[in-house]
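Note: the block below is run_5.txt and it holds compact mmCIF, C-alpha atoms and all ligand atoms.
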```
# COMPACT_ATOMS: atom_id res chain seq x y z
CA MET A 25 -45.03 -34.63 13.07
CA ARG A 26 -47.04 -31.57 14.09
CA LYS A 27 -44.11 -30.53 16.29
CA ILE A 28 -41.68 -30.77 13.38
CA VAL A 29 -43.95 -28.73 11.12
CA PHE A 30 -44.30 -26.14 13.88
CA CYS A 31 -40.51 -25.96 14.25
CA ILE A 32 -40.03 -25.47 10.52
CA ILE A 33 -42.65 -22.70 10.43
CA ALA A 34 -41.19 -21.07 13.53
CA LEU A 35 -37.66 -21.19 12.12
CA SER A 36 -38.75 -19.69 8.83
CA LEU A 37 -40.17 -16.71 10.75
CA VAL A 38 -36.90 -16.02 12.57
CA PRO A 39 -34.64 -13.56 10.76
CA ALA A 40 -31.40 -15.25 9.67
CA PHE A 41 -29.24 -12.99 11.83
CA ALA A 42 -31.10 -14.16 14.93
CA LEU A 43 -30.07 -17.73 14.13
CA PHE A 44 -26.44 -16.67 13.87
CA PRO A 45 -25.94 -14.42 16.89
CA ALA A 46 -22.23 -14.12 16.14
CA LEU A 47 -22.95 -12.58 12.75
CA ALA A 48 -21.54 -9.13 12.41
CA GLN A 49 -24.07 -7.29 10.31
CA PRO A 50 -27.56 -7.75 8.95
CA PHE A 51 -25.94 -7.88 5.51
CA GLU A 52 -23.90 -10.91 6.57
CA ALA A 53 -27.18 -12.66 7.32
CA ALA A 54 -28.53 -11.44 3.97
CA MET A 55 -25.55 -12.93 2.16
CA ILE A 56 -26.04 -16.29 3.87
CA LYS A 57 -29.75 -16.18 3.09
CA GLN A 58 -28.92 -15.61 -0.58
CA GLY A 59 -26.79 -18.75 -0.56
CA LEU A 60 -23.34 -17.17 -0.42
CA VAL A 61 -20.67 -19.10 1.46
CA ASP A 62 -17.78 -18.18 3.72
CA VAL A 63 -14.73 -19.00 1.53
CA GLN A 64 -12.82 -20.38 4.51
CA THR A 65 -15.42 -23.11 4.96
CA ILE A 66 -14.55 -24.30 1.42
CA ASP A 67 -10.78 -23.89 1.90
CA PRO A 68 -9.57 -23.12 5.44
CA THR A 69 -6.03 -22.40 4.20
CA ILE A 70 -7.20 -19.21 2.45
CA LEU A 71 -6.27 -16.17 4.55
CA VAL A 72 -8.79 -13.33 4.96
CA GLU A 73 -8.24 -9.72 6.01
CA LEU A 74 -11.16 -7.58 4.87
CA LYS A 75 -9.62 -4.18 4.31
CA TYR A 76 -13.00 -2.41 4.28
CA SER A 77 -13.55 -3.76 7.76
CA THR A 78 -10.54 -1.73 8.91
CA THR A 79 -9.50 1.90 8.39
CA ASP A 80 -6.56 0.74 6.23
CA ASN A 81 -8.34 1.39 2.92
CA PHE A 82 -8.67 4.26 0.46
CA VAL A 83 -11.72 5.68 2.25
CA GLY A 84 -9.85 5.71 5.58
CA LYS A 85 -13.08 4.50 7.23
CA ASP A 86 -14.43 1.18 8.41
CA VAL A 87 -17.10 0.42 5.80
CA TYR A 88 -17.99 -3.13 6.94
CA GLY A 89 -18.15 -2.80 10.71
CA ASP A 90 -17.65 -6.14 12.41
CA LEU A 91 -17.75 -8.25 9.26
CA THR A 92 -14.60 -10.37 9.14
CA ARG A 93 -15.58 -13.26 6.87
CA ALA A 94 -15.28 -13.30 3.09
CA TYR A 95 -18.43 -14.49 1.30
CA MET A 96 -18.83 -15.54 -2.32
CA GLN A 97 -21.26 -17.46 -4.49
CA PRO A 98 -20.52 -21.19 -4.04
CA MET A 99 -19.26 -21.52 -7.65
CA ALA A 100 -16.86 -18.60 -7.11
CA ALA A 101 -15.67 -19.97 -3.76
CA ARG A 102 -14.97 -23.33 -5.41
CA LYS A 103 -12.92 -21.56 -8.10
CA LEU A 104 -11.01 -19.74 -5.38
CA ALA A 105 -10.28 -23.05 -3.66
CA MET A 106 -8.93 -24.38 -6.98
CA ALA A 107 -6.66 -21.34 -7.32
CA SER A 108 -5.48 -21.82 -3.74
CA LYS A 109 -4.74 -25.50 -4.38
CA TYR A 110 -2.77 -24.66 -7.52
CA LEU A 111 -0.80 -21.96 -5.68
CA GLN A 112 0.19 -24.29 -2.86
CA ALA A 113 1.06 -27.14 -5.23
CA HIS A 114 3.63 -24.84 -6.87
CA HIS A 115 4.58 -22.69 -3.86
CA PRO A 116 3.94 -24.67 -0.66
CA ASN A 117 4.82 -21.69 1.55
CA LEU A 118 2.40 -19.25 -0.06
CA ARG A 119 -1.28 -18.59 0.55
CA LEU A 120 -4.05 -16.53 -1.01
CA LEU A 121 -4.89 -13.52 1.15
CA VAL A 122 -8.39 -12.12 0.48
CA TYR A 123 -8.92 -8.37 0.95
CA ASP A 124 -12.52 -8.20 -0.26
CA ALA A 125 -15.13 -10.57 -1.67
CA ALA A 126 -18.93 -10.14 -1.78
CA ARG A 127 -19.77 -6.51 -1.09
CA PRO A 128 -23.29 -5.25 -0.32
CA ARG A 129 -24.48 -2.43 -2.58
CA SER A 130 -24.85 -0.11 0.43
CA ALA A 131 -21.07 -0.39 0.94
CA GLN A 132 -20.59 0.17 -2.80
CA TRP A 133 -22.26 3.57 -2.42
CA ASN A 134 -19.85 4.49 0.38
CA LEU A 135 -16.87 3.66 -1.81
CA TRP A 136 -18.34 5.48 -4.82
CA ASN A 137 -19.05 8.60 -2.76
CA ALA A 138 -15.55 8.53 -1.27
CA LEU A 139 -14.05 9.73 -4.57
CA PRO A 140 -16.01 12.97 -5.14
CA ASP A 141 -13.11 14.75 -6.90
CA LEU A 142 -12.87 12.21 -9.70
CA PRO A 143 -15.22 12.65 -12.66
CA GLU A 144 -17.59 9.68 -12.89
CA ARG A 145 -15.83 8.29 -15.98
CA GLU A 146 -12.48 8.17 -14.15
CA ARG A 147 -14.13 6.88 -10.99
CA ARG A 148 -15.55 3.88 -12.83
CA LYS A 149 -12.00 2.62 -13.42
CA TYR A 150 -11.61 2.06 -9.68
CA VAL A 151 -15.09 1.67 -8.24
CA ALA A 152 -18.05 0.27 -10.14
CA ASP A 153 -21.09 2.52 -10.37
CA PRO A 154 -23.48 1.28 -7.63
CA ARG A 155 -26.44 1.95 -9.94
CA GLN A 156 -25.13 -0.70 -12.33
CA GLY A 157 -23.74 -2.90 -9.58
CA SER A 158 -20.21 -4.21 -9.17
CA ILE A 159 -19.42 -7.87 -9.77
CA HIS A 160 -18.49 -7.80 -6.06
CA ASN A 161 -22.15 -6.99 -5.34
CA TYR A 162 -23.11 -10.34 -6.89
CA GLY A 163 -20.50 -12.27 -4.89
CA CYS A 164 -18.60 -13.16 -8.06
CA ALA A 165 -15.47 -11.00 -7.71
CA VAL A 166 -12.57 -11.10 -5.28
CA ASP A 167 -9.72 -8.74 -4.36
CA LEU A 168 -6.67 -10.52 -3.07
CA THR A 169 -2.94 -10.90 -2.93
CA VAL A 170 -0.44 -13.63 -2.17
CA ALA A 171 1.11 -13.89 1.29
CA THR A 172 3.51 -16.15 3.11
CA ALA A 173 1.86 -18.85 5.24
CA ASP A 174 2.19 -16.57 8.28
CA GLY A 175 0.26 -13.81 6.54
CA LYS A 176 2.96 -11.47 5.23
CA PRO A 177 1.86 -10.09 1.84
CA LEU A 178 4.31 -10.29 -1.07
CA ASP A 179 5.52 -7.05 -2.66
CA MET A 180 3.26 -6.36 -5.65
CA GLY A 181 4.66 -2.91 -6.40
CA THR A 182 1.68 -1.01 -4.94
CA LYS A 183 -0.66 -1.32 -2.02
CA TYR A 184 -4.20 -2.63 -2.43
CA ASP A 185 -6.51 0.03 -3.90
CA PHE A 186 -3.67 2.13 -5.25
CA PHE A 187 -5.40 4.21 -7.91
CA GLY A 188 -2.89 4.81 -10.65
CA GLU A 189 -0.95 3.31 -13.53
CA LEU A 190 1.48 1.48 -11.30
CA ALA A 191 -1.36 -0.89 -10.39
CA TYR A 192 -2.43 -1.54 -14.01
CA PRO A 193 -1.68 -5.06 -15.25
CA SER A 194 -2.06 -3.63 -18.77
CA ARG A 195 0.99 -1.39 -18.24
CA GLU A 196 3.36 -3.85 -16.63
CA ALA A 197 5.69 -4.22 -19.61
CA SER A 198 6.38 -0.49 -19.84
CA LEU A 199 6.49 -0.08 -16.03
CA LEU A 200 9.15 -2.78 -15.91
CA LYS A 201 11.10 -1.14 -18.73
CA SER A 202 11.09 2.24 -17.01
CA GLY A 203 12.11 0.67 -13.69
CA LYS A 204 8.90 1.68 -11.87
CA LEU A 205 8.09 -1.98 -11.33
CA THR A 206 10.85 -4.46 -10.45
CA GLN A 207 11.13 -7.95 -11.94
CA LYS A 208 10.48 -9.39 -8.48
CA GLN A 209 7.27 -7.39 -8.09
CA LEU A 210 6.10 -8.49 -11.52
CA ASP A 211 6.98 -12.11 -10.72
CA ASN A 212 4.87 -11.87 -7.56
CA ARG A 213 1.92 -10.55 -9.56
CA LEU A 214 2.36 -13.39 -12.02
CA ILE A 215 2.27 -15.96 -9.20
CA LEU A 216 -1.12 -14.53 -8.18
CA ARG A 217 -2.45 -14.19 -11.71
CA THR A 218 -1.38 -17.67 -12.80
CA ALA A 219 -3.04 -19.30 -9.79
CA MET A 220 -6.23 -17.28 -10.31
CA ARG A 221 -6.41 -18.12 -14.01
CA GLN A 222 -5.93 -21.78 -13.13
CA GLY A 223 -8.92 -21.48 -10.82
CA GLY A 224 -11.00 -20.04 -13.67
CA PHE A 225 -10.86 -16.32 -12.81
CA THR A 226 -10.34 -13.44 -15.23
CA PRO A 227 -8.03 -10.53 -14.37
CA ILE A 228 -8.86 -6.90 -15.27
CA GLU A 229 -6.93 -4.04 -16.83
CA TYR A 230 -6.61 -1.56 -13.95
CA GLU A 231 -6.10 -3.50 -10.72
CA TRP A 232 -3.62 -6.33 -10.11
CA TRP A 233 -5.68 -7.50 -7.10
CA HIS A 234 -9.13 -7.85 -8.72
CA PHE A 235 -10.44 -11.04 -10.35
CA ASN A 236 -13.85 -12.00 -11.73
CA ALA A 237 -15.39 -15.47 -11.54
CA LEU A 238 -18.08 -14.36 -14.03
CA SER A 239 -18.67 -11.37 -16.29
CA ARG A 240 -21.06 -8.73 -15.00
CA GLU A 241 -23.63 -9.71 -17.65
CA LYS A 242 -23.53 -13.36 -16.64
CA ALA A 243 -23.53 -12.57 -12.91
CA LYS A 244 -26.58 -10.36 -13.47
CA MET A 245 -28.40 -13.15 -15.30
CA VAL A 246 -27.69 -15.83 -12.73
CA PHE A 247 -27.55 -14.08 -9.33
CA ARG A 248 -29.29 -11.41 -7.31
CA ILE A 249 -27.39 -8.39 -6.02
CA VAL A 250 -26.57 -8.27 -2.29
CA ASP A 251 -28.05 -5.04 -0.95
ZN ZN B 1 -12.36 -5.61 -6.73
```

File written out as structure tokens:
Amino acid sequence: MRKIVFCIIALSLVPAFALFPALAQPFEAAMIKQGLVDVQTIDPTILVELKYSTTDNFVGKDVYGDLTRAYMQPMAARKLAMASKYLQAHHPNLRLLVYDAARPRSAQWNLWNALPDLPERERRKYVADPRQGSIHNYGCAVDLTVATADGKPLDMGTKYDFFGELAYPSREASLLKSGKLTQKQLDNRLILRTAMRQGGFTPIEYEWWHFNALSREKAKMVFRIVD
């Protein structure tokens, strides 16, 4: 008995990242400690390619280092699994492809500071103000697209993190009318949006790839920010 108690005390003194030597970053350990889960452990068919862990993002820099797993709050991960299930029930050859999920606030600052030429009001359309916290910082938002089972993303009309009207779901009708968005591209966005709504997510006005599992107010009430 004394041995068990000793083990429990000893384990509680070990930082989480020491228990998971393969973990990429201290913030990955922090996310696990805060109860966030790797979405692929809930649904292994979900594809993950964290764009901020590469240089293929609007900053042109690797913001996440070695982090390769997508973490979310368990309730958000379960919603994502529901969306994934709905997608595959209707399109067996398609998969959700996650570009970003929980994002530590330190990374939020890097993204915020990467757009110095935009006035703060404009900037807030694309990157949440780190002082207020993004819903990503609570592990309740996800950026994603739809891909074929072998990982090829569908054509959504713009790349991920394209900052401009062409990415606005709120402008799709007029973009289609003016020929800037094709019917096929819109159909692809609707495949994504329908699946995500079925999972219980809410889309936003300015980015076809972003979905919230909870409002910022609710996320703030229920969860702690990942720093
Ligand atoms: Zn987002």

A straight line from atom CA of Thr172 of chain A to atom CA of Pro193 of chain A spans 22.1 Å

Find the residues near ligand ZN 1 (chain B). Use a cut-off of 12 Å, count only C-alpha atoms and all ligand atoms, and write them as number ranges by chain.
A: 74-76, 122-127, 132, 135, 148-152, 158-169, 184-186, 226-237

Which residues, written as a PDB file with C-alpha atoms, keeping the file's coordinate frame, have at least one atom at most 6 Å from Arg119 of chain A, with all atoms listed in the file counted and residues fewer than 3 positions away on the same chain left out?
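Output below, filename selection10.pdb:
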```pdb
ATOM      1  CA  VAL A 170      -0.440 -13.630  -2.170  1.00  0.00           C
ATOM      2  CA  ALA A 171       1.110 -13.890   1.290  1.00  0.00           C
ATOM      3  CA  THR A 172       3.510 -16.150   3.110  1.00  0.00           C
ATOM      4  CA  ALA A 173       1.860 -18.850   5.240  1.00  0.00           C
TER       5      ALA A 173
END
```

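In this comparison, which uses all atoms listed in the file, the residue of A:Gly157, A:Ala131, A:His115, A:Tyr110 approaching Ser77 of chain A most closely is A:Ala131.
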
Kindly indicate which residue among A:Thr206, A:Ser130, A:Ser108, A:Asn81 lies nearest to Met220 of chain A, using only C-alpha atoms for the distances.
A:Ser108

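Atom pair atom CA of Arg129 of chain A / atom CA of Met106 of chain A: separated by 27.3 Å.
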
Using only C-alpha atoms: which of A:Pro128, A:Gly188, A:Gly181, A:Gly224 has the shortest distance to Asp211 of chain A
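Closest candidate: A:Gly181.
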
Separation of atom CA of Trp136 of chain A and atom CA of Asp251 of chain A, in Å?
14.8 Å

Using only C-alpha atoms, which of A:Gln112, A:Ala197, A:Asp90, A:Met99 sits nearest Val246 of chain A?
A:Met99

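Closest approach to Tyr88 of chain A from the set A:Leu178, A:Pro68, A:Leu142, A:Pro50 is made by A:Pro50, with distances taken over only C-alpha atoms.
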
Nearest to Glu146 of chain A: which of A:Leu118, A:Leu104, A:Phe187, A:Asn134 is it, counting only C-alpha atoms?
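When distances to Glu146 of chain A are compared using only C-alpha atoms, the smallest one comes from A:Phe187.
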
Around (-16.4, -21.7, 2.4), as given in the file, which residues come within 12 Å? Count all atoms listed in the file and list them as a list in words.
Ile56, Gly59, Leu60, Val61, Asp62, Val63, Gln64, Thr65, Ile66, Asp67, Pro68, Thr69, Ile70, Leu71, Val72, Arg93, Ala94, Tyr95, Met96, Gln97, Pro98, Met99, Ala100, Ala101, Arg102, Lys103, Leu104, Ala105 and Ala125 of chain A

Only C-alpha atoms, as a short mmCIF file (atom, residue, chain, number, x, y, z; two decimals), in the first residue's frame: that is what I want for segment 142-221 of chain A.
```
data_model
loop_
_atom_site.label_atom_id
_atom_site.label_comp_id
_atom_site.auth_asym_id
_atom_site.auth_seq_id
_atom_site.Cartn_x
_atom_site.Cartn_y
_atom_site.Cartn_z
CA LEU A 142 -3.53 45.23 -41.10
CA PRO A 143 -5.30 47.56 -38.67
CA GLU A 144 -6.42 45.63 -35.59
CA ARG A 145 -10.10 45.78 -36.62
CA GLU A 146 -9.34 44.13 -39.98
CA ARG A 147 -6.93 41.69 -38.36
CA ARG A 148 -9.64 40.41 -36.02
CA LYS A 149 -11.53 39.03 -39.03
CA TYR A 150 -8.72 36.54 -39.61
CA VAL A 151 -6.92 36.08 -36.32
CA ALA A 152 -8.57 36.43 -32.93
CA ASP A 153 -7.01 38.97 -30.58
CA PRO A 154 -4.77 36.93 -28.22
CA ARG A 155 -5.75 39.22 -25.33
CA GLN A 156 -9.35 38.03 -25.66
CA GLY A 157 -8.40 34.51 -26.68
CA SER A 158 -9.45 32.58 -29.75
CA ILE A 159 -11.92 29.70 -29.48
CA HIS A 160 -8.95 27.65 -30.75
CA ASN A 161 -7.14 28.60 -27.52
CA TYR A 162 -9.87 26.79 -25.57
CA GLY A 163 -9.69 23.67 -27.75
CA CYS A 164 -13.22 24.26 -29.03
CA ALA A 165 -12.55 25.31 -32.65
CA VAL A 166 -11.18 23.44 -35.63
CA ASP A 167 -9.87 24.42 -39.07
CA LEU A 168 -10.31 21.72 -41.65
CA THR A 169 -11.19 20.67 -45.15
CA VAL A 170 -12.42 17.55 -46.90
CA ALA A 171 -9.95 15.24 -48.64
CA THR A 172 -10.04 11.98 -50.52
CA ALA A 173 -9.19 8.91 -48.43
CA ASP A 174 -5.57 9.15 -49.64
CA GLY A 175 -5.29 12.71 -48.35
CA LYS A 176 -5.85 14.87 -51.44
CA PRO A 177 -7.81 17.99 -50.42
CA LEU A 178 -10.90 18.91 -52.44
CA ASP A 179 -10.94 22.22 -54.32
CA MET A 180 -12.64 24.76 -52.04
CA GLY A 181 -11.90 27.79 -54.22
CA THR A 182 -9.09 29.13 -52.01
CA LYS A 183 -6.26 27.76 -49.96
CA TYR A 184 -6.47 27.51 -46.18
CA ASP A 185 -5.92 30.91 -44.52
CA PHE A 186 -6.67 32.86 -47.68
CA PHE A 187 -7.52 36.30 -46.32
CA GLY A 188 -10.10 37.79 -48.62
CA GLU A 189 -13.69 37.70 -49.81
CA LEU A 190 -13.22 34.57 -51.88
CA ALA A 191 -12.99 32.62 -48.60
CA TYR A 192 -16.13 34.17 -47.07
CA PRO A 193 -19.06 31.76 -46.73
CA SER A 194 -21.25 34.86 -46.41
CA ARG A 195 -20.38 35.91 -49.98
CA GLU A 196 -20.73 32.59 -51.75
CA ALA A 197 -23.95 33.43 -53.61
CA SER A 198 -22.47 36.53 -55.24
CA LEU A 199 -19.08 34.86 -55.82
CA LEU A 200 -20.87 32.08 -57.66
CA LYS A 201 -22.88 34.57 -59.70
CA SER A 202 -19.78 36.49 -60.75
CA GLY A 203 -17.95 33.26 -61.63
CA LYS A 204 -15.22 33.72 -58.99
CA LEU A 205 -16.37 30.53 -57.29
CA THR A 206 -17.43 27.51 -59.37
CA GLN A 207 -20.45 25.34 -58.57
CA LYS A 208 -18.08 22.44 -57.90
CA GLN A 209 -16.07 24.47 -55.38
CA LEU A 210 -19.26 25.56 -53.65
CA ASP A 211 -20.53 21.97 -53.61
CA ASN A 212 -17.28 20.90 -51.94
CA ARG A 213 -17.70 23.56 -49.27
CA LEU A 214 -21.24 22.41 -48.70
CA ILE A 215 -20.09 18.81 -48.21
CA LEU A 216 -17.80 20.06 -45.43
CA ARG A 217 -20.33 22.44 -43.91
CA THR A 218 -23.17 19.92 -43.91
CA ALA A 219 -21.06 17.28 -42.17
CA MET A 220 -19.81 19.80 -39.60
CA ARG A 221 -23.32 21.07 -38.85
#
```
